[in-house]
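Presented below is the structure to which this report refers.
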Amino acid sequence: MDSLLKLALETIQLHKQAIIFLPSRASAEKTAEDLSAVMHEHLPALEHEVLKVVSSPTKQCRRLSHCVKKGVAFHHSGLTTKQKELIEDGFRRSEIKIICATPTLAAGVSLPAYRVLIKSLRRFSGTRGMDWIPVLEYLQMAGRAGRPEYEKEGQAIVIAKDEEESEEIYEQYICGEPEEIYSKLAVEPVLRTYLLSLIASGIIHNEQEMMGFFSKTFWAHQFQDLTQLQEKLARMLSFLTEGGFVTASGDNTKNTVATDFVSAASLAPKMSRTTVTNLSPEHTLKATALGKRVSELYLDPLTAQHLLKCLRKYSPSSTPFSLLQMICHTLELRPLLSVKKREEAYIIEELNKHITTMLEEEPSIFDEEYEVYLNSIKTALFFEDWIQEREEEYLLEKHDIRPGEIKVKLESAEWLLYASQEIASLHQLREAEKAIQVLRIRVENGVKEELLPLLKLRGIGRIRARKLFTAGIKDVGDIKKTDPTTLGQIIGRAIAEDVKKQVGEEIDVIPKGTRKGQLSLMKFNV
């Protein structure tokens, strides 16, 4: 038994609880299973609760339920919100003794952990291989131990491979200083979005007010170089005006206070991808109808530009996959599903099947965006399987996406589709607008288009709609024609009664145990 498991079991012997931080979801699951194999707890009720969260439990759900039964759990982004809540509540009640987690649990959660055990302070960073994590991330993990509302003290233990690594950890993390916190305005998508919102809400009206506002931010305090700050803002403003989100017009000299103001645009260098419009501080900045709506949707203007460009290419030959790929190739849907080496040929083959209906051109294979583009194809294929009513188990096996990740992706997709529908409506792209409206319902419910008439009924979702359709009940008219008893056999008595009321039929309560069709011979007197 390795030192990590020994420390975990020792914590339990002390009648305490522990959180083990591991570098990946796979290692969190494996460690939880190893621990559960030597545990003697028996929690069948919690096991059942965890398992029934998902309508069709996946292999991951079953693995989690087996661990939870023994008082151990794994915790990562692949779990649903409800599963995470059950684990955290079970830990607070001391039913779950050990949680094996990825660093997603490190921030903002207060749990009664006496010990935090950290297997490694290195993380895979892509091109550089394994790299040390930031000091701030270590402090977040270590800070989960000995929370004042639960314990008088706590222990954070890092596992080192050897004496040399132990000394390095001590110097870098125990004695080290946490990294500086940087303003998010330094990230261009955030800056674009906030600049548009400030103009759309009428907080700033010209370049002078723009510079005045941003010069007082934490970002400006960190940046210090106001000339470069002006250049960055000028590029953002040029993008917004060129993209049709903002207009600059009129004469606003009466509102100008500074006489020596230099236009930020005039300071901005020529960019290969961005033409800097020569705006003046005398120009009044106003958001267009598109700019206002994009701001209200909290959408990155670059994403809105991408969506509008694609929607203008929508035609009768376009497909749901065309629209799904459109929303997948956005920053808002990242991280996308990653194409593994063994999948490349399959993904390219699928792309070729859809190439004539795509709403954006395929980039060159030598383009740095090509890898992201292929990832958007894989993610769109996942969504396509979802609206073809594939079960979570199939999605896990085929696309390596877990129930918790599915929920997050669906929420983002629904938001992006709604935003796309609004943009299409604003530009009177009626065909695209109608297609998106249908697709939104399919993505929300995970159904084929044939089930949409049944989804109008309250209480009828993906599973019940499919049961009704399979039984030959395909729309509201069929619901009206169907005998209440037969309907009750398909979707349950209570739902059948409610559905009949929704279509305007007042019926007596469907008797329990009533069955229409073949009866047992014992029901007859011979």
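If you're wondering about the labels, chains in the structure tokens are A, B, ... by order shown, residues count from 1 in each chain, ligands from 1 in order shown.
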
Just asking: which residues within segment 110-310 of chain A are helix (DSSP H, G or I) according to DSSP, as a ChimeraX atom specification? /A:126-128,135-142,163-174,184-186,188-200,207-214,218-223,226-242,253-255,264-267,289-296,301-310

Can you work out the spacing between atom CA of Gln325 of chain A and atom CA of Arg342 of chain A in Å, to one decimal?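 Atom CA of Arg342 of chain A lies 21.2 Å from atom CA of Gln325 of chain A.
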
When you look at His427 of chain A with a cut-off of 9 Å (counting only C-alpha atoms), what residues show up, excluding the ones that are within fewer than 4 positions of it in the same chain? I need them as a JSON list (two decimals) with C-alpha atoms, in the first residue's frame.
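Generated file (selection-v6.json):
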[["chain", "number", "residue", "atom", "x", "y", "z"],
["A", 290, "LEU", "CA", -26.80, 44.93, -32.79],
["A", 308, "LEU", "CA", -23.64, 36.75, -37.94],
["A", 312, "ARG", "CA", -25.76, 35.10, -43.46],
["A", 422, "GLU", "CA", -31.75, 36.94, -31.58],
["A", 423, "ILE", "CA", -29.03, 38.02, -34.04]]

Pick out the residues sitting within 9 Å of Asp131 of chain A, and hand them over as number ranges by chain; count only C-alpha atoms, and ignore anything fewer than 3 positions along from it in its own chain. A: 121-125, 128

Contacts of Thr193 of chain A at 9 Å (only C-alpha atoms; same-chain gap of 2+ positions) as a ChimeraX atom specification: /A:188-191,195-198,294-295,298-302

Might you pull out every residue within 12 Å of Asn375 of chain A, with only C-alpha atoms counted and same-chain residues fewer than 6 positions away left off, and present them as a PyMOL selection string? chain A and resi 325+328-330+333-341+343-344+347-348+351+369+381-382+399

Tell me, as a PyMOL selection string, which residues lie within 7 Å of segment 239-250 of chain A, counting only C-alpha atoms; anything in the same chain fewer than 2 positions away does not count. chain A and resi 235-237+252+274+283-288+290-291+305

Please dump the current selection as an mmCIF file, in the first residue's frame; keep N, CA and C atoms.
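Output saved as result_0.cif:
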data_model
loop_
_atom_site.group_PDB
_atom_site.id
_atom_site.type_symbol
_atom_site.label_atom_id
_atom_site.label_comp_id
_atom_site.auth_asym_id
_atom_site.auth_seq_id
_atom_site.Cartn_x
_atom_site.Cartn_y
_atom_site.Cartn_z
ATOM 1 N N ARG A 235 -7.658 49.760 -30.431
ATOM 2 C CA ARG A 235 -7.882 48.569 -31.260
ATOM 3 C C ARG A 235 -9.246 47.956 -30.972
ATOM 4 N N MET A 236 -9.606 47.905 -29.682
ATOM 5 C CA MET A 236 -10.911 47.368 -29.318
ATOM 6 C C MET A 236 -12.040 48.217 -29.895
ATOM 7 N N LEU A 237 -11.883 49.547 -29.797
ATOM 8 C CA LEU A 237 -12.917 50.457 -30.287
ATOM 9 C C LEU A 237 -13.037 50.365 -31.813
ATOM 10 N N ASN A 252 -18.919 66.668 -30.591
ATOM 11 C CA ASN A 252 -19.145 66.711 -29.137
ATOM 12 C C ASN A 252 -18.134 67.615 -28.448
ATOM 13 N N THR A 274 -6.350 44.000 -37.832
ATOM 14 C CA THR A 274 -7.289 45.004 -37.347
ATOM 15 C C THR A 274 -6.961 46.358 -37.961
ATOM 16 N N HIS A 283 -16.038 62.781 -31.435
ATOM 17 C CA HIS A 283 -17.082 61.904 -31.950
ATOM 18 C C HIS A 283 -17.862 61.269 -30.796
ATOM 19 N N THR A 284 -19.173 61.281 -30.936
ATOM 20 C CA THR A 284 -20.023 60.629 -29.938
ATOM 21 C C THR A 284 -20.125 59.142 -30.264
ATOM 22 N N LEU A 285 -19.897 58.328 -29.266
ATOM 23 C CA LEU A 285 -19.962 56.873 -29.440
ATOM 24 C C LEU A 285 -21.338 56.375 -29.007
ATOM 25 N N LYS A 286 -21.976 55.630 -29.888
ATOM 26 C CA LYS A 286 -23.285 55.053 -29.574
ATOM 27 C C LYS A 286 -23.326 53.606 -30.021
ATOM 28 N N ALA A 287 -23.998 52.773 -29.248
ATOM 29 C CA ALA A 287 -24.161 51.363 -29.630
ATOM 30 C C ALA A 287 -25.268 51.256 -30.668
ATOM 31 N N THR A 288 -25.051 50.438 -31.671
ATOM 32 C CA THR A 288 -26.090 50.151 -32.661
ATOM 33 C C THR A 288 -27.099 49.184 -32.046
ATOM 34 N N LEU A 290 -27.544 46.182 -32.964
ATOM 35 C CA LEU A 290 -26.796 44.934 -32.785
ATOM 36 C C LEU A 290 -25.920 45.013 -31.538
ATOM 37 N N GLY A 291 -25.222 46.142 -31.376
ATOM 38 C CA GLY A 291 -24.348 46.308 -30.210
ATOM 39 C C GLY A 291 -25.101 46.221 -28.902
ATOM 40 N N GLN A 305 -19.879 38.496 -34.082
ATOM 41 C CA GLN A 305 -19.453 38.703 -35.468
ATOM 42 C C GLN A 305 -19.360 37.374 -36.217
#

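If you look at atom CA of Val476 of chain A and atom CA of Ile507 of chain A, they are 16.3 Å away from each other.
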
Length of the atom CA of Leu117 of chain A to atom CA of Ile20 of chain A vector [Å]: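 Rounded to one decimal, the two atoms are 4.6 Å apart.
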
Extract the full set of strand (DSSP E or B) residues from segment 192-412 of chain A according to DSSP on the backbone, and format it as an MDAnalysis selection string. chainID A and resid 246:249 284:287

Would you write out, as a Markdown table, a table of all residues in segment 372-470 of chain A that have an atom no more than 10 Å from an atom of segment 477-480 of chain A, listing for each the closest atom pair and the distance in Å to one decimal, considering only C-alpha atoms and ordering rows by chain and rising residue number?
| residue | atom | partner | partner_atom | distance |
| --- | --- | --- | --- | --- |
| A:Pro453 | CA | A:Gly477 | CA | 9.9 |
| A:Leu454 | CA | A:Ile479 | CA | 8.9 |
| A:Leu468 | CA | A:Ile479 | CA | 8.9 |
| A:Phe469 | CA | A:Asp478 | CA | 9.8 |

Grab the residues selected above and save them as a compact mmCIF listing (two decimals), in the first residue's frame with C-alpha atoms.
# COMPACT_ATOMS: atom_id res chain seq x y z
CA PRO A 453 -45.25 18.10 -31.04
CA LEU A 454 -45.38 15.99 -27.85
CA LEU A 468 -45.69 7.71 -26.64
CA PHE A 469 -44.27 7.96 -30.16

Option closest in space to Ile327 of chain A, from A:Glu405, A:Glu393, A:Glu296, A:Glu414 [counting only C-alpha atoms]: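 The shortest atom-to-atom distance to Ile327 of chain A comes from A:Glu414.
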
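Closest approach to Val54 of chain A among A:Val447, A:Ile406, A:Ala18, A:Ala234: A:Ile406, based on only C-alpha atoms.
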